[in-house]
Amino acid sequence: MKNLFLTFILLMTISISFGKGSKNLVESCRSYAISSANAEEGHYGPMSDKQYMEAVSWYLDACNEAGGASHMLGPVFK
Amino acid sequence: MYCLFFIILNNYDMKKFIKLTLIFLFPILGWSQMDLSKKTIEINYVKAYKNFKDFSNSPPSILRNIEYKLVFNNNEARFEYIPNMSNDGDDENIRFIGRGGGSGINYKNLKSKEKIHQTEIGGKTYIITNDYDKYDWKLLKDTKKIIGYDCYKAIGIFKEYDEIRKKDIIIEVSVWYAPSLAIPFGPAGYDGLPGIVLESSRSSFYLIATDIKFYDNPLKIKKPQDGIMVTHEEFNRILNKIFLSLGK
């Protein structure tokens, strides 16, 4: 019974930490995407709101695919 | 020819000579201004890039595989991106299709005073009704030739409230229009000038005309029909909702 309880606590801890991790990943990617879109606007000039949103969405997808903002080098401009 | 003039001068007074000259010149001047009222015209444009902070005389660089077409008659115009098979891969230029104008389909009708933009976002298609005279154009005296036509420069400024960034943004567009093609259409909704717009630049992105075709037979110009009808302000609010849900 004790072992079962300990296993349950362990599983709960793991699931909460994974949940927090994924939330952190989402938040880190979102702020990365927004700052990258801002940097892009500074580089290419003013964007309409649709273009801005599409830029944020593009960086967000790239960040999620890479597994988080820590894996991103930053926006690359030509 | 000279003999003819001498005979005319010898036999008639100066007033009659001027009259005759005008009679001879009138048809020539008339032909140089082509009658566009019964033609359909197609203009192809490419997208080009030159950083907006670069004030040198260097020309903008053409972005490969991004082309558009403007088809119009004396009443309707439709502007859209031409899908390119070679853009199916990882071509990073795809991201720039809409930059500086060029996403979706722009349609304008002079008789019904309609100006609409069909575009897709969040998996849905929208038809945005735009102000008929969106830009307050300032006509300038600068000139240059584009695909053989003498063009004049104009600058248009458009201010709108950005729902996402919660601030007013000012969009400035520079265009070159050809008064000899005296129909008020242009690419990506840059229109309402006394001539077709053959080049536009907004931020770092350009739309540049590369060729023009004249058809004697009228081509059908299709008005975009599919999509949820919204005003520009409603569309901006939809964009904001999508933006807030991004990544959540």
# chains A, B, ... in the order shown; residues from 1 in each chain; ligands from 1
$ residues_around --residues "segment 29-44 of chain A" --least-positions-apart "5" --cutoff "8 Å" --atoms "only C-alpha atoms" --output "PyMOL selection string"
(chain A and resi 52+55-60+63-64+68-69+74-75+77) or (chain B and resi 51-52+203-204+246-247)
$ write_last_selection --atoms "C-alpha atoms" --output "CSV table (one decimal), in the first residue's frame"
chain,number,residue,atom,x,y,z
A,52,TYR,CA,3.0,41.0,-38.0
A,55,ALA,CA,5.6,36.7,-38.6
A,56,VAL,CA,4.9,35.8,-35.0
A,57,SER,CA,3.1,32.6,-36.1
A,58,TRP,CA,6.1,31.7,-38.3
A,59,TYR,CA,8.7,32.1,-35.5
A,60,LEU,CA,6.4,30.3,-33.0
A,63,CYS,CA,10.5,27.5,-32.1
A,64,ASN,CA,8.1,24.7,-31.2
A,68,GLY,CA,12.0,25.6,-27.3
A,69,ALA,CA,13.5,29.1,-27.4
A,74,GLY,CA,17.5,34.2,-33.3
A,75,PRO,CA,16.0,35.6,-36.4
A,77,PHE,CA,18.0,38.4,-41.9
B,51,ASN,CA,16.3,47.6,-47.3
B,52,PHE,CA,14.2,50.7,-46.4
B,203,SER,CA,8.8,49.2,-46.3
B,204,SER,CA,11.6,47.2,-48.0
B,246,LEU,CA,-1.3,31.7,-30.7
B,247,GLY,CA,0.7,29.0,-29.0
$ residues_around --residues "segment 181-190 of chain B" --least-positions-apart "4" --cutoff "7 Å" --atoms "only C-alpha atoms" --output "JSON, numbers by chain"
{"B": [70, 74, 77, 79, 101, 102, 106, 194, 195, 196, 197]}
$ write_last_selection --atoms "N, CA and C atoms" --output "CSV table (one decimal), in the first residue's frame"
chain,number,residue,atom,x,y,z
B,70,LEU,N,-1.9,41.6,-62.7
B,70,LEU,CA,-3.0,42.6,-62.6
B,70,LEU,C,-3.7,42.5,-63.9
B,74,ASN,N,-11.8,48.6,-68.5
B,74,ASN,CA,-12.0,50.0,-68.2
B,74,ASN,C,-12.9,50.2,-66.9
B,77,ALA,N,-10.8,45.5,-62.0
B,77,ALA,CA,-9.4,45.1,-61.9
B,77,ALA,C,-9.2,44.0,-60.8
B,79,PHE,N,-6.1,41.7,-58.9
B,79,PHE,CA,-4.6,41.5,-58.7
B,79,PHE,C,-4.4,40.3,-57.8
B,101,GLY,N,2.6,44.2,-49.8
B,101,GLY,CA,1.3,44.0,-50.6
B,101,GLY,C,1.4,42.8,-51.5
B,102,GLY,N,0.3,42.1,-51.6
B,102,GLY,CA,0.4,41.0,-52.6
B,102,GLY,C,-0.2,39.7,-52.0
B,106,ASN,N,-6.9,41.1,-54.7
B,106,ASN,CA,-7.5,42.5,-54.6
B,106,ASN,C,-8.4,42.7,-55.8
B,194,PRO,N,-4.0,58.9,-61.5
B,194,PRO,CA,-4.3,59.2,-62.9
B,194,PRO,C,-3.5,58.4,-63.9
B,195,GLY,N,-3.4,57.1,-63.6
B,195,GLY,CA,-2.6,56.2,-64.5
B,195,GLY,C,-2.4,54.9,-63.8
B,196,ILE,N,-2.1,53.9,-64.5
B,196,ILE,CA,-1.8,52.5,-64.0
B,196,ILE,C,-0.5,52.6,-63.2
B,197,VAL,N,-0.5,52.0,-62.0
B,197,VAL,CA,0.7,51.9,-61.2
B,197,VAL,C,1.6,50.8,-61.7
$ closest_atom_pairs --of "chain B" --to "chain A" --cutoff "10 Å" --atoms "only C-alpha atoms" --output "CSV"
residue,atom,partner,partner_atom,distance
B:Tyr49,CA,A:Tyr44,CA,9.3
B:Lys50,CA,A:Tyr44,CA,8.9
B:Asn51,CA,A:Tyr44,CA,6.3
B:Phe52,CA,A:Gly45,CA,6.4
B:Lys53,CA,A:Gly45,CA,8.4
B:Arg95,CA,A:Ala55,CA,8.3
B:Phe96,CA,A:Gln51,CA,9.4
B:Gly98,CA,A:Gln51,CA,7.3
B:Arg99,CA,A:Gln51,CA,7.0
B:Gly100,CA,A:Met47,CA,8.2
B:Gly101,CA,A:Ser48,CA,9.5
B:Ser103,CA,A:Gln51,CA,9.5
B:Ile121,CA,A:Lys50,CA,8.6
B:Gly122,CA,A:Glu54,CA,10.0
B:Glu160,CA,A:Ser48,CA,9.0
B:Tyr161,CA,A:Asp49,CA,9.0
B:Asp162,CA,A:Asp49,CA,5.9
B:Glu163,CA,A:Asp49,CA,7.5
B:Ile164,CA,A:Asp49,CA,6.6
B:Arg165,CA,A:Asp49,CA,7.9
B:Ile169,CA,A:Ser48,CA,7.8
B:Ile170,CA,A:Pro46,CA,8.0
B:Ile171,CA,A:Pro46,CA,7.1
B:Glu172,CA,A:Pro46,CA,8.9
B:Arg202,CA,A:Gly45,CA,8.3
B:Ser203,CA,A:Gly45,CA,4.7
B:Ser204,CA,A:Tyr44,CA,5.4
B:Phe205,CA,A:Tyr44,CA,8.2
B:Phe235,CA,A:Lys50,CA,9.3
B:Asn236,CA,A:Asp49,CA,7.3
B:Leu239,CA,A:Lys50,CA,6.8
B:Asn240,CA,A:Met53,CA,8.4
B:Ile242,CA,A:Met53,CA,8.5
B:Phe243,CA,A:Met53,CA,6.3
B:Leu244,CA,A:Met53,CA,9.9
B:Leu246,CA,A:Ser57,CA,7.0
B:Gly247,CA,A:Val26,CA,6.1
B:Lys248,CA,A:Val26,CA,7.2
$ select_by_dssp --residues "segment 61-234 of chain B" --states "strand (DSSP E)" --output "NGL selection string"
:B and (61-72 or 76-82 or 105-109 or 114-121 or 124-129 or 136-146 or 149-162 or 167-178 or 196-202 or 205-215 or 228-231)
$ residues_around --residues "Asp133 of chain B" --least-positions-apart "4" --cutoff "9 Å" --atoms "only C-alpha atoms" --output "MDAnalysis selection string"
chainID B and resid 115 191:192
$ decode --residues "segment 25-39 of chain A" --atoms "N, CA and C atoms" --output "PDB file, in the first residue's frame"
ATOM      1  N   LEU A  25       7.734  26.073 -22.071  1.00  0.00           N
ATOM      2  CA  LEU A  25       8.170  26.006 -23.478  1.00  0.00           C
ATOM      3  C   LEU A  25       7.279  26.902 -24.339  1.00  0.00           C
ATOM      4  N   VAL A  26       5.942  26.793 -24.080  1.00  0.00           N
ATOM      5  CA  VAL A  26       4.984  27.612 -24.840  1.00  0.00           C
ATOM      6  C   VAL A  26       5.257  29.092 -24.594  1.00  0.00           C
ATOM      7  N   GLU A  27       5.420  29.448 -23.289  1.00  0.00           N
ATOM      8  CA  GLU A  27       5.650  30.854 -22.950  1.00  0.00           C
ATOM      9  C   GLU A  27       6.962  31.362 -23.524  1.00  0.00           C
ATOM     10  N   SER A  28       8.013  30.508 -23.437  1.00  0.00           N
ATOM     11  CA  SER A  28       9.319  30.957 -23.933  1.00  0.00           C
ATOM     12  C   SER A  28       9.263  31.122 -25.451  1.00  0.00           C
ATOM     13  N   CYS A  29       8.542  30.220 -26.135  1.00  0.00           N
ATOM     14  CA  CYS A  29       8.428  30.322 -27.582  1.00  0.00           C
ATOM     15  C   CYS A  29       7.597  31.545 -27.969  1.00  0.00           C
ATOM     16  N   ARG A  30       6.564  31.821 -27.199  1.00  0.00           N
ATOM     17  CA  ARG A  30       5.710  32.968 -27.521  1.00  0.00           C
ATOM     18  C   ARG A  30       6.500  34.272 -27.393  1.00  0.00           C
ATOM     19  N   SER A  31       7.249  34.408 -26.299  1.00  0.00           N
ATOM     20  CA  SER A  31       8.003  35.663 -26.149  1.00  0.00           C
ATOM     21  C   SER A  31       9.150  35.730 -27.166  1.00  0.00           C
ATOM     22  N   TYR A  32       9.730  34.551 -27.479  1.00  0.00           N
ATOM     23  CA  TYR A  32      10.769  34.528 -28.522  1.00  0.00           C
ATOM     24  C   TYR A  32      10.180  34.985 -29.868  1.00  0.00           C
ATOM     25  N   ALA A  33       8.979  34.455 -30.185  1.00  0.00           N
ATOM     26  CA  ALA A  33       8.342  34.768 -31.479  1.00  0.00           C
ATOM     27  C   ALA A  33       7.999  36.247 -31.574  1.00  0.00           C
ATOM     28  N   ILE A  34       7.486  36.818 -30.467  1.00  0.00           N
ATOM     29  CA  ILE A  34       7.118  38.240 -30.482  1.00  0.00           C
ATOM     30  C   ILE A  34       8.368  39.113 -30.634  1.00  0.00           C
ATOM     31  N   SER A  35       9.418  38.785 -29.878  1.00  0.00           N
ATOM     32  CA  SER A  35      10.626  39.622 -29.987  1.00  0.00           C
ATOM     33  C   SER A  35      11.280  39.461 -31.361  1.00  0.00           C
ATOM     34  N   SER A  36      11.178  38.267 -31.961  1.00  0.00           N
ATOM     35  CA  SER A  36      11.741  38.062 -33.308  1.00  0.00           C
ATOM     36  C   SER A  36      10.955  38.863 -34.355  1.00  0.00           C
ATOM     37  N   ALA A  37       9.614  38.854 -34.216  1.00  0.00           N
ATOM     38  CA  ALA A  37       8.784  39.630 -35.166  1.00  0.00           C
ATOM     39  C   ALA A  37       9.080  41.123 -35.021  1.00  0.00           C
ATOM     40  N   ASN A  38       9.300  41.559 -33.756  1.00  0.00           N
ATOM     41  CA  ASN A  38       9.652  42.976 -33.542  1.00  0.00           C
ATOM     42  C   ASN A  38      10.991  43.309 -34.195  1.00  0.00           C
ATOM     43  N   ALA A  39      11.951  42.376 -34.041  1.00  0.00           N
ATOM     44  CA  ALA A  39      13.275  42.589 -34.652  1.00  0.00           C
ATOM     45  C   ALA A  39      13.152  42.625 -36.174  1.00  0.00           C
TER      46      ALA A  39
END
